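Presented below is the structure to which this report refers.
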Amino acid sequence: MENIDQLRTHGLFDAKVPRYTSYPPANHFENGVGRENQANWLRTVSGDKGISVYIHIPFCTRLCWFCACRTQGTKTLQPVDAYVEFLRSEIRAVRATLPKSVRMARLHLGGGTPTILPVKTMSMLLTEVFDAFPKDDDFEFSVEVDPTEVSDQLLESLINFGLNRVSLGVQDFAPVVQNAIGRSQSLEQTRHVIDFLRARGVTALNLDLLYGLPFQTMESFKETLDHVIAMEPDRLAIYGYAHVPWMSKRQVLINADDLPDSEMRFELAMLAQETLINQGFEAIGIDHFAVPSDKLAIAQNEGRVRRNFQGYTDDQCETLIGFGASAISRFKQGFLQNAVATSAYQDRITQGSMAAHKGYMLTASDDVISRVVEDLLCRFELDSSSLSAEFPKQAEFIRAISVMLMRQYSDAFHISKNGLKMNDWAKPLVRIIANSVDTFSSSEVAHSSAI
Ligand code: SF4
């Protein structure tokens with residue numbers, strides 16, 4: 001790549017910055033915002049607009065070494081069944097506080113491993129959810145499926161409940177890589193799930209890969225890319241592996257010496273981008289790809305892509321309600337996160353209360369910065385005309401941000417009709433640039449690599 005020196009000068013290969021799936025990032029949520037806010041914010045949710053619902057299942061039968069998700073290993077279903085009872089109580093409590101007319105536009109089950117739930121337990125949970133929240137028009141029900149931990153019966157049951165999008169974790173198919181990250185998953189297991197879903201009409205399929213894993217080479221990663229392209233997914237998310245063993249203890253099992261360096265990570269990311277674009281995928285933001293007919297690609301062409309905790313989405317809901325341990329909710333007033341440890345979450349529900357334990361109340365300037373960060377991450381631009389029209393009292397602040405960006409990154413932007421647009425070569429810098437408008441930015445907090 002011609003501009004590699006410019007990327008290097010701007011710190012691409014050294015910087016550690018947030019992924020900006022929210023602004024502020026969740027590590028800035030505060031203890032003073034919690035249960036008291038939760039009931040008030042739930043009561044003020046607009047009954048006219050659909051909400052998004054996220055349910056977190058923090059259990060896995062195996063703990064893959066690379067994974068930094070909030071989850072715990074279990075060999076028995078007893079804690080899983082017990083946890084689902086707490087989820088059902090939480091759903092009832094939240095339902096009782098929300099305006100009656102609220103409908104559900106999105107439902108996403110994530111984890112951990114949602115597909116660890118047995119059919120009966122999953123049915124009880126979903127019956128509770130759908131009784132509480134009637135489906136809105138154009139309802140989307142998505143589930144993270146572990147191809148090594150799902151039965152045909154469970155998939156059948158999810159389909160009967162309206163499952164219409166599936167996210168499958170792949171990471172890498174090379175045996176040497178799988179061995180080094182403690183996760184084995186065969187091509188056959190993955191293909192079986194895809195074929196099973198397609199045969200039953202579930203055609204919206206996302207596959208997730210990771211670059212930057214131990215022993216990955218350009219050749220081995222290309223082979224993995226070829227395998228997943230042959231599976232014909234609608235979307236692919238290709239994330240950079242974040243080696244943060246001080247935050248995720250199980251990552252100490254991965255030998256840091258086996259990891260590709262930053263420049264190799266960049267090459268792997270570029271390989272994925274070139275391969276997928278050559279195959280007809282559209283690049284969405286920094287790490288997603290979609291076929292042109294996919295809803296995310298359509299949203300991108302209409303300027304509607306948003307950033308949320310799952311990455312990029314076409315979900316336009318103002319309110320996201322997260323259920324379960326560590327789940328995060330987003331309201332127009334700010335963010336709330338449920339107690340993180342499963343036991344602490346269950347204690348809160350047992351006490352008959354809501355489960356939020358910390359959060360963040362957005363100020364007027366946070367609202368603007370949050371939109372600037374989202375504009376940058378989703379569209380590689382700062383549309384100061386639209387922003388100033390939406391936040392007229394903050395017009396001077398928005399102008400000051402534009403001036404600061406043009407001064408600090410004059411080579412990375414050009415002036416466009418509505419504000420600033422990033423030059424193509426500079427797009428890998430977008431998280432670093434977003435970090436420069438982030439008023440919470442602090443070198444004391446350890447983040448993942450910018451690439
Ligand atoms: S990758 Fe999936 S199965 Fe593995 S530990 Fe993480 S959540 Fe569990």
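Residues are referred to by chain and number: the chain letter is A, B, ... according to the order shown in the structure tokens, the number counts from 1 in that chain, and ligands are numbered separately from 1 in the order shown.
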Produce as number ranges by chain the set of residues near ligand 1, where near means within 10 Å with only C-alpha atoms and all ligand atoms considered.
A: 57-73, 110-116, 144-149, 168-171, 181-184, 250
With C-alpha atoms retained, write the just-selected residues as a JSON list (two decimals), in the first residue's frame.
[["chain", "number", "residue", "atom", "x", "y", "z"],
["A", 57, "ILE", "CA", -26.48, -15.84, 27.89],
["A", 58, "PRO", "CA", -23.16, -15.92, 29.80],
["A", 59, "PHE", "CA", -22.40, -19.66, 29.60],
["A", 60, "CYS", "CA", -20.28, -21.86, 27.34],
["A", 61, "THR", "CA", -19.38, -25.53, 27.56],
["A", 62, "ARG", "CA", -15.84, -24.67, 26.47],
["A", 63, "LEU", "CA", -13.90, -21.47, 27.02],
["A", 64, "CYS", "CA", -11.98, -20.59, 23.89],
["A", 65, "TRP", "CA", -8.67, -19.00, 24.81],
["A", 66, "PHE", "CA", -8.96, -15.99, 22.52],
["A", 67, "CYS", "CA", -12.40, -14.94, 23.70],
["A", 68, "ALA", "CA", -12.89, -11.83, 25.85],
["A", 69, "CYS", "CA", -16.69, -12.16, 26.07],
["A", 70, "ARG", "CA", -18.45, -12.05, 29.43],
["A", 71, "THR", "CA", -19.06, -15.74, 29.85],
["A", 72, "GLN", "CA", -18.33, -18.65, 32.14],
["A", 73, "GLY", "CA", -17.71, -22.33, 31.53],
["A", 110, "GLY", "CA", -25.87, -13.26, 22.29],
["A", 111, "GLY", "CA", -23.29, -14.48, 24.72],
["A", 112, "GLY", "CA", -21.56, -16.64, 25.63],
["A", 113, "THR", "CA", -23.39, -19.38, 23.80],
["A", 114, "PRO", "CA", -27.16, -18.83, 23.49],
["A", 115, "THR", "CA", -27.45, -22.21, 21.76],
["A", 116, "ILE", "CA", -26.35, -23.92, 24.98],
["A", 144, "GLU", "CA", -25.41, -16.13, 17.74],
["A", 145, "VAL", "CA", -25.07, -19.83, 16.92],
["A", 146, "ASP", "CA", -22.07, -21.94, 17.87],
["A", 147, "PRO", "CA", -21.94, -24.63, 15.15],
["A", 148, "THR", "CA", -20.22, -27.00, 17.60],
["A", 149, "GLU", "CA", -22.85, -26.48, 20.29],
["A", 168, "LEU", "CA", -21.97, -17.95, 13.17],
["A", 169, "GLY", "CA", -18.57, -17.63, 14.81],
["A", 170, "VAL", "CA", -15.82, -19.13, 12.64],
["A", 171, "GLN", "CA", -12.59, -17.22, 13.49],
["A", 181, "ILE", "CA", -6.66, -20.56, 20.36],
["A", 182, "GLY", "CA", -8.33, -23.55, 22.03],
["A", 183, "ARG", "CA", -11.23, -23.77, 19.62],
["A", 184, "SER", "CA", -11.78, -26.58, 17.19],
["A", 250, "ARG", "CA", -7.87, -17.09, 29.59]]
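Of the residues in region 101-200 of chain A, those given strand (DSSP E or B) by DSSP on the backbone are Met104, Ala105, Arg106, Leu107, His108, Leu109, Gly110, Gly111, Lys135, Asp136, Asp137, Asp138, Phe139, Glu140, Phe141, Ser142, Val143, Glu144, Val145, Arg165, Val166, Ser167, Leu168, Gly169, Val170 and Gln171 of chain A.
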Selection near Leu125 (chain A), 9 Å with only C-alpha atoms, sequence-local residues under 3 positions removed, as an MDAnalysis selection string:
chainID A and resid 84:85 87:88 120:122 128:130
Could you save those same residues with C-alpha atoms as a compact mmCIF listing (two decimals), in the first residue's frame?
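Contents of the output file out11.txt:
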# COMPACT_ATOMS: atom_id res chain seq x y z
CA VAL A 84 -33.12 -18.30 32.57
CA GLU A 85 -35.58 -18.05 35.47
CA LEU A 87 -34.04 -13.54 32.96
CA ARG A 88 -37.77 -14.22 32.90
CA LYS A 120 -37.47 -26.58 26.57
CA THR A 121 -35.56 -23.80 28.33
CA MET A 122 -35.21 -21.76 25.15
CA GLU A 128 -41.75 -14.91 27.96
CA VAL A 129 -40.11 -12.47 25.54
CA PHE A 130 -42.84 -12.60 22.90
From the set A:Ala204, A:Ala355, A:Leu225, A:Leu12, which residue has the shortest atom-to-atom contact distance to Glu274 (chain A), counting only C-alpha atoms?
A:Leu225
Length of the CA of Tyr409 (chain A) to CA of Asp5 (chain A) vector [Å]:
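CA of Asp5 (chain A) lies 14.4 Å from CA of Tyr409 (chain A).
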Near Asn308 (chain A), counting only C-alpha atoms, which residues have an atom at most 8 Å away, once you skip same-chain residues fewer than 5 positions from it, shown as a list in words?
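Near Asn308 (chain A), the qualifying residues are Thr21, Ser22 and Thr313 of chain A.
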Kindly export the residues of the current selection with N, CA and C atoms, as a PDB file, in the first residue's frame.
ATOM      1  N   THR A  21     -17.847   0.968  20.033  1.00  0.00           N
ATOM      2  CA  THR A  21     -19.181   0.396  19.821  1.00  0.00           C
ATOM      3  C   THR A  21     -20.212   1.200  20.617  1.00  0.00           C
ATOM      4  N   SER A  22     -19.740   2.107  21.470  1.00  0.00           N
ATOM      5  CA  SER A  22     -20.614   3.087  22.125  1.00  0.00           C
ATOM      6  C   SER A  22     -19.753   4.304  22.407  1.00  0.00           C
ATOM      7  N   THR A 313     -24.836  -1.996  12.165  1.00  0.00           N
ATOM      8  CA  THR A 313     -26.212  -2.470  12.083  1.00  0.00           C
ATOM      9  C   THR A 313     -27.052  -1.498  11.268  1.00  0.00           C
TER      10      THR A 313
END
Could you pull the residues within 8 Å of Val291 (chain A), counting only C-alpha atoms, minus those fewer than 4 positions along the same chain, as a ChimeraX atom specification?
/A:234-235,280-282,297
Dump N, CA, C and O atoms for the selected residues as a compact mmCIF listing (two decimals), in the first residue's frame?
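Ended up saving to again.txt:
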# COMPACT_ATOMS: atom_id res chain seq x y z
N ASP A 234 -24.28 -13.67 3.74
CA ASP A 234 -24.73 -12.33 3.34
C ASP A 234 -23.81 -11.27 3.91
O ASP A 234 -23.64 -10.21 3.34
N ARG A 235 -23.30 -11.58 5.12
CA ARG A 235 -22.43 -10.62 5.80
C ARG A 235 -21.24 -11.34 6.41
O ARG A 235 -21.35 -12.49 6.83
N GLY A 280 -17.36 -9.27 -4.76
CA GLY A 280 -18.65 -8.59 -4.87
C GLY A 280 -19.24 -8.10 -3.56
O GLY A 280 -20.35 -7.57 -3.53
N PHE A 281 -18.51 -8.28 -2.45
CA PHE A 281 -19.01 -7.75 -1.17
C PHE A 281 -18.77 -6.24 -1.11
O PHE A 281 -17.82 -5.74 -1.72
N GLU A 282 -19.61 -5.55 -0.36
CA GLU A 282 -19.37 -4.12 -0.10
C GLU A 282 -18.77 -3.97 1.28
O GLU A 282 -19.21 -4.66 2.22
N ALA A 297 -25.99 -3.51 3.56
CA ALA A 297 -25.43 -2.81 2.39
C ALA A 297 -26.43 -1.78 1.87
O ALA A 297 -26.04 -0.66 1.49
Of the listed residues A:Tyr83, A:Phe215, A:Tyr23, A:Phe13, that which approaches Ala341 (chain A) most closely, counting only C-alpha atoms
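Of A:Tyr83, A:Phe215, A:Tyr23, A:Phe13, the one nearest Ala341 (chain A), counting only C-alpha atoms, is A:Tyr83.
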Which of region 174-395 of chain A end up as alpha helix (DSSP H) when DSSP is run on this backbone - answer as a PyMOL selection string?
chain A and resi 175-181+187-199+218-230+262-278+295-301+342-350+364-379+384-390+395
Using only C-alpha atoms, which of the listed residues (A:Gly285, A:Gly11, A:Gly50, A:Pro260) sits closest to Ala105 (chain A)?
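Of A:Gly285, A:Gly11, A:Gly50, A:Pro260, the one nearest Ala105 (chain A), counting only C-alpha atoms, is A:Gly50.
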Residue contacts of region 386-403 of chain A (12 Å, only C-alpha atoms) excluding same-chain residues fewer than 6 positions away, as an MDAnalysis selection string
chainID A and resid 363:376 409:410 413:421 433:434 436:439
Those residues you just picked out, can you put them in a file as a short mmCIF file (atom, residue, chain, number, x, y, z; two decimals), in the first residue's frame with N, CA, C and O atoms?
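Done, and the output landed in out.cif:
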data_model
loop_
_atom_site.label_atom_id
_atom_site.label_comp_id
_atom_site.auth_asym_id
_atom_site.auth_seq_id
_atom_site.Cartn_x
_atom_site.Cartn_y
_atom_site.Cartn_z
N THR A 363 -24.60 14.07 28.23
CA THR A 363 -24.78 15.51 28.23
C THR A 363 -25.00 15.96 26.78
O THR A 363 -24.83 15.17 25.84
N ALA A 364 -25.33 17.24 26.62
CA ALA A 364 -25.56 17.76 25.25
C ALA A 364 -24.30 17.61 24.40
O ALA A 364 -24.38 17.23 23.23
N SER A 365 -23.13 17.88 24.99
CA SER A 365 -21.92 17.76 24.16
C SER A 365 -21.58 16.29 23.89
O SER A 365 -21.05 15.96 22.82
N ASP A 366 -21.90 15.39 24.84
CA ASP A 366 -21.70 13.95 24.56
C ASP A 366 -22.53 13.51 23.36
O ASP A 366 -22.08 12.71 22.54
N ASP A 367 -23.77 14.03 23.30
CA ASP A 367 -24.66 13.66 22.18
C ASP A 367 -24.00 14.02 20.84
O ASP A 367 -24.03 13.24 19.90
N VAL A 368 -23.40 15.20 20.82
CA VAL A 368 -22.77 15.64 19.58
C VAL A 368 -21.55 14.76 19.27
O VAL A 368 -21.39 14.25 18.16
N ILE A 369 -20.70 14.57 20.29
CA ILE A 369 -19.48 13.78 20.04
C ILE A 369 -19.85 12.35 19.64
O ILE A 369 -19.24 11.76 18.74
N SER A 370 -20.88 11.83 20.28
CA SER A 370 -21.32 10.48 19.95
C SER A 370 -21.71 10.39 18.48
O SER A 370 -21.37 9.42 17.77
N ARG A 371 -22.40 11.42 17.99
CA ARG A 371 -22.79 11.43 16.57
C ARG A 371 -21.58 11.62 15.66
O ARG A 371 -21.51 11.04 14.57
N VAL A 372 -20.63 12.42 16.12
CA VAL A 372 -19.41 12.61 15.31
C VAL A 372 -18.67 11.28 15.20
O VAL A 372 -18.25 10.86 14.11
N VAL A 373 -18.52 10.58 16.32
CA VAL A 373 -17.82 9.29 16.32
C VAL A 373 -18.55 8.30 15.41
O VAL A 373 -17.93 7.58 14.62
N GLU A 374 -19.88 8.30 15.50
CA GLU A 374 -20.65 7.37 14.67
C GLU A 374 -20.52 7.73 13.18
O GLU A 374 -20.37 6.85 12.34
N ASP A 375 -20.56 9.03 12.86
CA ASP A 375 -20.37 9.48 11.48
C ASP A 375 -19.02 9.00 10.94
O ASP A 375 -18.91 8.51 9.82
N LEU A 376 -18.01 9.16 11.77
CA LEU A 376 -16.66 8.76 11.35
C LEU A 376 -16.59 7.25 11.15
O LEU A 376 -16.15 6.77 10.10
N TYR A 409 -5.33 16.35 11.16
CA TYR A 409 -5.31 15.28 10.14
C TYR A 409 -5.57 15.87 8.75
O TYR A 409 -6.41 15.35 8.01
N SER A 410 -4.87 16.93 8.41
CA SER A 410 -5.16 17.63 7.15
C SER A 410 -4.97 16.71 5.95
O SER A 410 -5.66 16.83 4.94
N PHE A 413 -8.23 14.10 5.47
CA PHE A 413 -9.58 14.56 5.10
C PHE A 413 -9.53 15.45 3.88
O PHE A 413 -8.51 16.08 3.59
N HIS A 414 -10.66 15.56 3.20
CA HIS A 414 -10.86 16.65 2.24
C HIS A 414 -12.21 17.30 2.54
O HIS A 414 -13.07 16.68 3.18
N ILE A 415 -12.35 18.52 2.10
CA ILE A 415 -13.60 19.26 2.35
C ILE A 415 -14.65 18.75 1.37
O ILE A 415 -14.38 18.64 0.17
N SER A 416 -15.82 18.42 1.87
CA SER A 416 -16.89 17.93 1.00
C SER A 416 -18.06 18.92 1.06
O SER A 416 -17.99 19.92 1.77
N LYS A 417 -19.13 18.57 0.34
CA LYS A 417 -20.29 19.48 0.26
C LYS A 417 -20.85 19.76 1.66
O LYS A 417 -21.22 20.88 1.98
N ASN A 418 -20.87 18.71 2.52
CA ASN A 418 -21.52 18.88 3.83
C ASN A 418 -20.56 18.96 5.00
O ASN A 418 -20.99 19.04 6.14
N GLY A 419 -19.29 18.86 4.76
CA GLY A 419 -18.35 18.91 5.88
C GLY A 419 -17.00 18.36 5.48
O GLY A 419 -16.37 18.86 4.56
N LEU A 420 -16.60 17.27 6.18
CA LEU A 420 -15.30 16.66 5.90
C LEU A 420 -15.49 15.20 5.52
O LEU A 420 -16.34 14.52 6.10
N LYS A 421 -14.69 14.75 4.60
CA LYS A 421 -14.73 13.32 4.22
C LYS A 421 -13.32 12.76 4.29
O LYS A 421 -12.35 13.45 3.95
N ILE A 433 -8.59 8.62 14.80
CA ILE A 433 -9.17 9.96 14.60
C ILE A 433 -10.37 10.16 15.54
O ILE A 433 -10.51 11.21 16.17
N ALA A 434 -11.20 9.12 15.67
CA ALA A 434 -12.33 9.22 16.61
C ALA A 434 -11.81 9.47 18.02
O ALA A 434 -12.40 10.22 18.80
N SER A 436 -9.40 11.20 18.86
CA SER A 436 -8.96 12.59 19.06
C SER A 436 -10.13 13.51 19.39
O SER A 436 -9.92 14.61 19.89
N VAL A 437 -11.38 13.08 19.13
CA VAL A 437 -12.53 13.90 19.55
C VAL A 437 -13.15 13.37 20.84
O VAL A 437 -14.07 13.96 21.39
N ASP A 438 -12.63 12.25 21.32
CA ASP A 438 -13.17 11.58 22.51
C ASP A 438 -12.65 12.30 23.77
O ASP A 438 -11.47 12.25 24.08
N THR A 439 -13.56 12.93 24.49
CA THR A 439 -13.12 13.69 25.67
C THR A 439 -12.81 12.76 26.85
O THR A 439 -12.29 13.20 27.86
#
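Nearest to Tyr54 (chain A) of all the residues A:Leu209, A:Val177, A:Leu320, A:Leu187 is A:Leu320, based on only C-alpha atoms.
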For the atom pair CA of Asp152 (chain A) and CA of Leu205 (chain A), what is the interatomic distance in Å to one decimal place?
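Here the two named atoms are 16.5 Å from each other.
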Interatomic distance, CA of Ala174 (chain A) to CA of His108 (chain A) (Å, one decimal)
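According to the coordinates, CA of Ala174 (chain A) and CA of His108 (chain A) are separated by 29.1 Å.
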Could you name the residues that touch region 28-32 of chain A at 8 Å or less, counting only C-alpha atoms, but leaving out those on the same chain fewer than 3 positions away, as a ChimeraX atom specification?
/A:24-25,335-336,357-360,440
Here is a test: counting only C-alpha atoms, which residue of A:Ile349, A:Asn179, A:Asp137, A:Thr127 is nearest to Phe161 (chain A)?
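The closest residue to Phe161 (chain A) is A:Thr127.
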Have a look at A:Arg43, A:Lys135, A:His227, A:Arg35 and name the one nearest to Lys332 (chain A); count only C-alpha atoms.
A:Arg43
